[in-house]
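**Student:** This one is run.pdb, PDB, C-alpha atoms.
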ATOM      1  CA  MET O  11       0.000   0.000   0.000  1.00  0.00           C
ATOM      2  CA  HIS O  12       1.322   3.430  -0.947  1.00  0.00           C
ATOM      3  CA  ARG O  13       0.847   6.063   1.747  1.00  0.00           C
ATOM      4  CA  ALA O  14       2.163   9.034  -0.256  1.00  0.00           C
ATOM      5  CA  PRO O  15      -1.012   9.581  -2.371  1.00  0.00           C
ATOM      6  CA  PHE O  16      -3.205   9.260   0.757  1.00  0.00           C
ATOM      7  CA  LEU O  17      -1.027  11.705   2.700  1.00  0.00           C
ATOM      8  CA  ALA O  18      -1.003  14.187  -0.188  1.00  0.00           C
ATOM      9  CA  LEU O  19      -4.798  13.965  -0.474  1.00  0.00           C
ATOM     10  CA  ALA O  20      -5.187  14.521   3.294  1.00  0.00           C
ATOM     11  CA  LEU O  21      -2.931  17.605   3.204  1.00  0.00           C
ATOM     12  CA  LEU O  22      -4.751  18.991   0.175  1.00  0.00           C
ATOM     13  CA  THR O  23      -8.092  18.543   1.953  1.00  0.00           C
ATOM     14  CA  LEU O  24      -6.807  20.305   5.092  1.00  0.00           C
ATOM     15  CA  THR O  25      -5.443  23.191   3.031  1.00  0.00           C
ATOM     16  CA  ALA O  26      -8.732  23.599   1.172  1.00  0.00           C
ATOM     17  CA  CYS O  27     -10.630  23.716   4.483  1.00  0.00           C
ATOM     18  CA  THR O  28      -8.317  26.299   6.060  1.00  0.00           C
ATOM     19  CA  PRO O  29      -9.829  29.817   6.171  1.00  0.00           C
ATOM     20  CA  GLY O  30      -7.912  32.103   3.822  1.00  0.00           C
ATOM     21  CA  GLY O  31      -6.618  29.264   1.653  1.00  0.00           C
ATOM     22  CA  GLY O  32      -3.842  27.758   3.758  1.00  0.00           C
ATOM     23  CA  ALA O  33      -0.094  28.305   3.659  1.00  0.00           C
ATOM     24  CA  GLY O  34       1.117  31.795   2.943  1.00  0.00           C
ATOM     25  CA  SER O  35      -2.198  33.508   3.695  1.00  0.00           C
ATOM     26  CA  GLY O  36      -1.241  34.352   7.308  1.00  0.00           C
ATOM     27  CA  GLU O  37      -3.529  35.636  10.018  1.00  0.00           C
ATOM     28  CA  ALA O  38      -6.032  38.428   9.491  1.00  0.00           C
ATOM     29  CA  ALA O  39      -4.443  41.865   9.684  1.00  0.00           C
ATOM     30  CA  THR O  40      -4.538  43.342  13.162  1.00  0.00           C
ATOM     31  CA  VAL O  41      -4.401  46.719  14.826  1.00  0.00           C
ATOM     32  CA  GLN O  42      -2.429  47.116  18.047  1.00  0.00           C
ATOM     33  CA  VAL O  43      -3.939  49.441  20.662  1.00  0.00           C
ATOM     34  CA  ALA O  44      -1.996  51.012  23.540  1.00  0.00           C
ATOM     35  CA  ASP O  45      -2.265  53.719  26.206  1.00  0.00           C
ATOM     36  CA  ALA O  46      -6.086  53.888  26.276  1.00  0.00           C
ATOM     37  CA  ILE O  47      -7.341  56.531  28.709  1.00  0.00           C
ATOM     38  CA  CYS O  48     -10.648  58.415  29.065  1.00  0.00           C
ATOM     39  CA  ARG O  49     -11.124  61.626  31.001  1.00  0.00           C
ATOM     40  CA  PRO O  50     -13.335  61.650  34.098  1.00  0.00           C
ATOM     41  CA  THR O  51     -16.733  63.290  33.636  1.00  0.00           C
ATOM     42  CA  PRO O  52     -17.305  66.352  35.807  1.00  0.00           C
ATOM     43  CA  VAL O  53     -20.589  66.473  37.751  1.00  0.00           C
ATOM     44  CA  GLY O  54     -23.510  66.971  35.361  1.00  0.00           C
ATOM     45  CA  ARG O  55     -21.464  66.344  32.221  1.00  0.00           C
ATOM     46  CA  GLN O  56     -22.379  63.349  30.042  1.00  0.00           C
ATOM     47  CA  MET O  57     -19.569  63.473  27.499  1.00  0.00           C
ATOM     48  CA  THR O  58     -15.835  63.043  27.578  1.00  0.00           C
ATOM     49  CA  GLY O  59     -12.812  62.319  25.405  1.00  0.00           C
ATOM     50  CA  CYS O  60     -10.807  59.115  25.145  1.00  0.00           C
ATOM     51  CA  TYR O  61      -7.269  58.857  23.809  1.00  0.00           C
ATOM     52  CA  LEU O  62      -5.093  55.958  22.653  1.00  0.00           C
ATOM     53  CA  THR O  63      -2.548  54.909  20.079  1.00  0.00           C
ATOM     54  CA  LEU O  64      -3.256  52.644  17.125  1.00  0.00           C
ATOM     55  CA  THR O  65      -0.739  50.789  14.965  1.00  0.00           C
ATOM     56  CA  ALA O  66      -2.071  48.830  11.988  1.00  0.00           C
ATOM     57  CA  ALA O  67      -0.032  46.015  10.459  1.00  0.00           C
ATOM     58  CA  THR O  68      -1.482  46.900   7.032  1.00  0.00           C
ATOM     59  CA  ALA O  69      -3.235  50.052   5.837  1.00  0.00           C
ATOM     60  CA  ASP O  70      -6.646  50.210   7.475  1.00  0.00           C
ATOM     61  CA  ARG O  71      -9.210  52.644   8.859  1.00  0.00           C
ATOM     62  CA  LEU O  72     -10.896  53.019  12.245  1.00  0.00           C
ATOM     63  CA  VAL O  73     -14.524  53.235  11.097  1.00  0.00           C
ATOM     64  CA  SER O  74     -16.425  53.261  14.399  1.00  0.00           C
ATOM     65  CA  ALA O  75     -16.261  52.737  18.127  1.00  0.00           C
ATOM     66  CA  SER O  76     -18.797  51.800  20.781  1.00  0.00           C
ATOM     67  CA  SER O  77     -18.975  51.489  24.549  1.00  0.00           C
ATOM     68  CA  THR O  78     -21.385  50.023  27.060  1.00  0.00           C
ATOM     69  CA  ASP O  79     -20.590  53.109  29.177  1.00  0.00           C
ATOM     70  CA  ALA O  80     -22.009  55.638  26.660  1.00  0.00           C
ATOM     71  CA  ASN O  81     -24.967  55.913  24.301  1.00  0.00           C
ATOM     72  CA  LEU O  82     -22.713  56.901  21.404  1.00  0.00           C
ATOM     73  CA  VAL O  83     -19.008  57.043  20.579  1.00  0.00           C
ATOM     74  CA  GLN O  84     -17.790  59.230  17.727  1.00  0.00           C
ATOM     75  CA  ILE O  85     -14.369  59.558  16.119  1.00  0.00           C
ATOM     76  CA  HIS O  86     -13.525  63.279  16.295  1.00  0.00           C
ATOM     77  CA  GLU O  87     -10.897  65.631  14.994  1.00  0.00           C
ATOM     78  CA  SER O  88      -9.936  68.937  16.581  1.00  0.00           C
ATOM     79  CA  ARG O  89      -8.554  71.776  14.505  1.00  0.00           C
ATOM     80  CA  ILE O  90      -8.074  75.527  14.724  1.00  0.00           C
ATOM     81  CA  GLU O  91     -10.441  77.563  12.523  1.00  0.00           C
ATOM     82  CA  SER O  92     -10.436  81.381  12.641  1.00  0.00           C
ATOM     83  CA  GLY O  93      -8.423  81.246  15.839  1.00  0.00           C
ATOM     84  CA  MET O  94     -10.908  78.934  17.583  1.00  0.00           C
ATOM     85  CA  MET O  95     -10.645  75.242  18.442  1.00  0.00           C
ATOM     86  CA  MET O  96     -13.312  73.331  16.499  1.00  0.00           C
ATOM     87  CA  MET O  97     -14.311  69.683  16.863  1.00  0.00           C
ATOM     88  CA  SER O  98     -16.115  67.614  14.267  1.00  0.00           C
ATOM     89  CA  GLU O  99     -16.896  63.979  13.636  1.00  0.00           C
ATOM     90  CA  LEU O 100     -14.727  62.072  11.156  1.00  0.00           C
ATOM     91  CA  ARG O 101     -17.682  60.451   9.371  1.00  0.00           C
ATOM     92  CA  GLU O 102     -15.386  58.494   7.039  1.00  0.00           C
ATOM     93  CA  GLY O 103     -13.312  57.226   9.952  1.00  0.00           C
ATOM     94  CA  LEU O 104      -9.638  57.652  10.737  1.00  0.00           C
ATOM     95  CA  PRO O 105      -7.005  56.395   8.252  1.00  0.00           C
ATOM     96  CA  LEU O 106      -4.337  54.102   9.725  1.00  0.00           C
ATOM     97  CA  PRO O 107      -1.256  53.916   7.462  1.00  0.00           C
ATOM     98  CA  ALA O 108       0.532  50.559   7.509  1.00  0.00           C
ATOM     99  CA  GLY O 109       3.104  50.270  10.291  1.00  0.00           C
ATOM    100  CA  GLU O 110       2.662  53.863  11.523  1.00  0.00           C
ATOM    101  CA  THR O 111       1.510  54.716  15.031  1.00  0.00           C
ATOM    102  CA  VAL O 112      -1.513  57.018  14.997  1.00  0.00           C
ATOM    103  CA  ALA O 113      -2.046  58.830  18.292  1.00  0.00           C
ATOM    104  CA  LEU O 114      -5.463  60.035  19.417  1.00  0.00           C
ATOM    105  CA  VAL O 115      -4.563  62.907  21.761  1.00  0.00           C
ATOM    106  CA  PRO O 116      -6.090  65.923  23.521  1.00  0.00           C
ATOM    107  CA  GLY O 117      -6.402  68.776  21.022  1.00  0.00           C
ATOM    108  CA  GLY O 118      -6.197  66.349  18.090  1.00  0.00           C
ATOM    109  CA  ASN O 119      -8.047  63.277  16.907  1.00  0.00           C
ATOM    110  CA  HIS O 120      -9.869  61.499  19.733  1.00  0.00           C
ATOM    111  CA  LEU O 121     -12.881  59.377  20.615  1.00  0.00           C
ATOM    112  CA  MET O 122     -15.836  61.300  22.045  1.00  0.00           C
ATOM    113  CA  LEU O 123     -18.147  59.453  24.435  1.00  0.00           C
ATOM    114  CA  LEU O 124     -21.626  60.969  24.325  1.00  0.00           C
ATOM    115  CA  GLY O 125     -24.502  60.172  26.670  1.00  0.00           C
ATOM    116  CA  VAL O 126     -22.318  58.724  29.422  1.00  0.00           C
ATOM    117  CA  GLU O 127     -24.780  56.905  31.690  1.00  0.00           C
ATOM    118  CA  GLU O 128     -22.866  56.980  34.995  1.00  0.00           C
ATOM    119  CA  PRO O 129     -20.183  59.501  36.014  1.00  0.00           C
ATOM    120  CA  LEU O 130     -16.674  58.340  35.129  1.00  0.00           C
ATOM    121  CA  VAL O 131     -14.305  58.742  38.077  1.00  0.00           C
ATOM    122  CA  ALA O 132     -10.513  58.503  38.059  1.00  0.00           C
ATOM    123  CA  GLY O 133      -9.551  54.874  38.580  1.00  0.00           C
ATOM    124  CA  ASP O 134     -12.663  53.490  36.827  1.00  0.00           C
ATOM    125  CA  THR O 135     -12.408  51.653  33.515  1.00  0.00           C
ATOM    126  CA  VAL O 136     -14.285  52.102  30.246  1.00  0.00           C
ATOM    127  CA  ALA O 137     -14.949  49.236  27.826  1.00  0.00           C
ATOM    128  CA  LEU O 138     -14.441  50.244  24.189  1.00  0.00           C
ATOM    129  CA  THR O 139     -14.966  48.251  21.006  1.00  0.00           C
ATOM    130  CA  LEU O 140     -13.017  49.575  18.028  1.00  0.00           C
ATOM    131  CA  THR O 141     -14.217  48.557  14.557  1.00  0.00           C
ATOM    132  CA  PHE O 142     -11.913  48.704  11.552  1.00  0.00           C
ATOM    133  CA  GLU O 143     -12.474  48.587   7.806  1.00  0.00           C
ATOM    134  CA  THR O 144     -10.543  45.339   7.291  1.00  0.00           C
ATOM    135  CA  SER O 145      -9.024  44.197  10.595  1.00  0.00           C
ATOM    136  CA  PRO O 146     -11.032  42.375  13.250  1.00  0.00           C
ATOM    137  CA  ALA O 147     -12.682  44.510  15.935  1.00  0.00           C
ATOM    138  CA  VAL O 148     -10.612  45.115  19.072  1.00  0.00           C
ATOM    139  CA  GLU O 149     -11.962  45.161  22.635  1.00  0.00           C
ATOM    140  CA  VAL O 150     -10.113  47.722  24.790  1.00  0.00           C
ATOM    141  CA  THR O 151     -10.304  48.567  28.471  1.00  0.00           C
ATOM    142  CA  ALA O 152      -9.384  52.218  28.989  1.00  0.00           C
ATOM    143  CA  THR O 153      -8.535  53.611  32.390  1.00  0.00           C
ATOM    144  CA  VAL O 154     -10.243  56.778  33.568  1.00  0.00           C
ATOM    145  CA  GLY O 155      -7.794  59.557  34.392  1.00  0.00           C
ATOM    146  CA  GLN O 156      -6.050  62.603  32.987  1.00  0.00           C
ATOM    147  CA  PRO O 157      -3.981  61.961  29.847  1.00  0.00           C
ATOM    148  CA  PRO O 158      -0.388  63.222  29.894  1.00  0.00           C
ATOM    149  CA  VAL O 159       0.490  66.432  28.083  1.00  0.00           C
ATOM    150  CA  ALA O 160       2.244  65.657  24.791  1.00  0.00           C
ATOM    151  CA  GLY O 161       5.997  65.531  25.333  1.00  0.00           C
ATOM    152  CA  SER O 162       5.833  65.482  29.139  1.00  0.00           C
ATOM    153  CA  ASP O 163       4.740  63.376  32.072  1.00  0.00           C
ATOM    154  CA  GLU O 164       2.196  65.972  33.258  1.00  0.00           C
ATOM    155  CA  ALA O 165      -1.557  65.448  33.020  1.00  0.00           C
ATOM    156  CA  VAL O 166      -3.717  67.718  30.857  1.00  0.00           C
ATOM    157  CA  ALA O 167      -6.026  70.184  32.599  1.00  0.00           C
ATOM    158  CA  PRO O 168      -9.555  68.743  33.111  1.00  0.00           C
ATOM    159  CA  ALA O 169     -11.309  71.370  30.931  1.00  0.00           C
ATOM    160  CA  ALA O 170      -9.416  70.520  27.717  1.00  0.00           C
ATOM    161  CA  LEU O 171     -10.666  67.813  25.372  1.00  0.00           C
TER     162      LEU O 171
END
Would you write out, as structure tokens, the structure that this file holds?
**Tutor:**
Amino acid sequence: MHRAPFLALALLTLTACTPGGGAGSGEAATVQVADAICRPTPVGRQMTGCYLTLTAATADRLVSASSTDANLVQIHESRIESGMMMMSELREGLPLPAGETVALVPGGNHLMLLGVEEPLVAGDTVALTLTFETSPAVEVTATVGQPPVAGSDEAVAPAAL
């Protein structure tokens, strides 16, 4: 009895049943998330900003975010217009160039939690689900606290988003 044809047929069957077509296809592209932090909500305020860094293995786009701690999460950009800081939703999402770290920071791109159900207090955590154009969704647990000022170890003042 010749085992080679049987073994070859078994390997061919396993390869055909492998998601993505088998050898060489690799895992689905992923996005690494780090440094997730959301600001506390002052008394009576039901919105806040969240900040984090994203690094995509291949070019991708953050298309949406959600949280069980808020009614709505939007991807926002901040920019200066006519000498005033303006915020607006990035309706098309946030591009993530391959291999580059994209930082969501105070005064720049960030996640905005709207309709926060319970006050967020320093030391709490916020569950976030980040949805991407091609990569699998990522579940993140952000800490509640003041994000550091860019380029220093100091926290940002509570009023700034």
**Student:** When the PyMOL selection byres ((chain O and resi 105-107) around 12) is applied to the file above, which residues end up in the set, as a count of residues only?
**Tutor:** 34
**Student:** To verify the selection step, state as a PyMOL selection string which residues the PyMOL selection byres ((chain O and resi 130) around 12) yields on this input.
**Tutor:** chain O and resi 47-60+79-80+123+125-129+131-137+152-156
**Student:** Using only C-alpha atoms, which protein or nucleic acid residues come within 12 Å of O:Met97? Drop anything in the same chain fewer than 2 positions from it, and give the result as an MDAnalysis selection string.
**Tutor:** chainID O and resid 59 84:91 94:95 99:100 116:122 170:171
**Student:** Rounded to one decimal, what separation in Å do you get between atom CA of O:Val148 and atom CA of O:Leu124?
**Tutor:**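 That distance, rounded to one decimal, is 20.0 Å.
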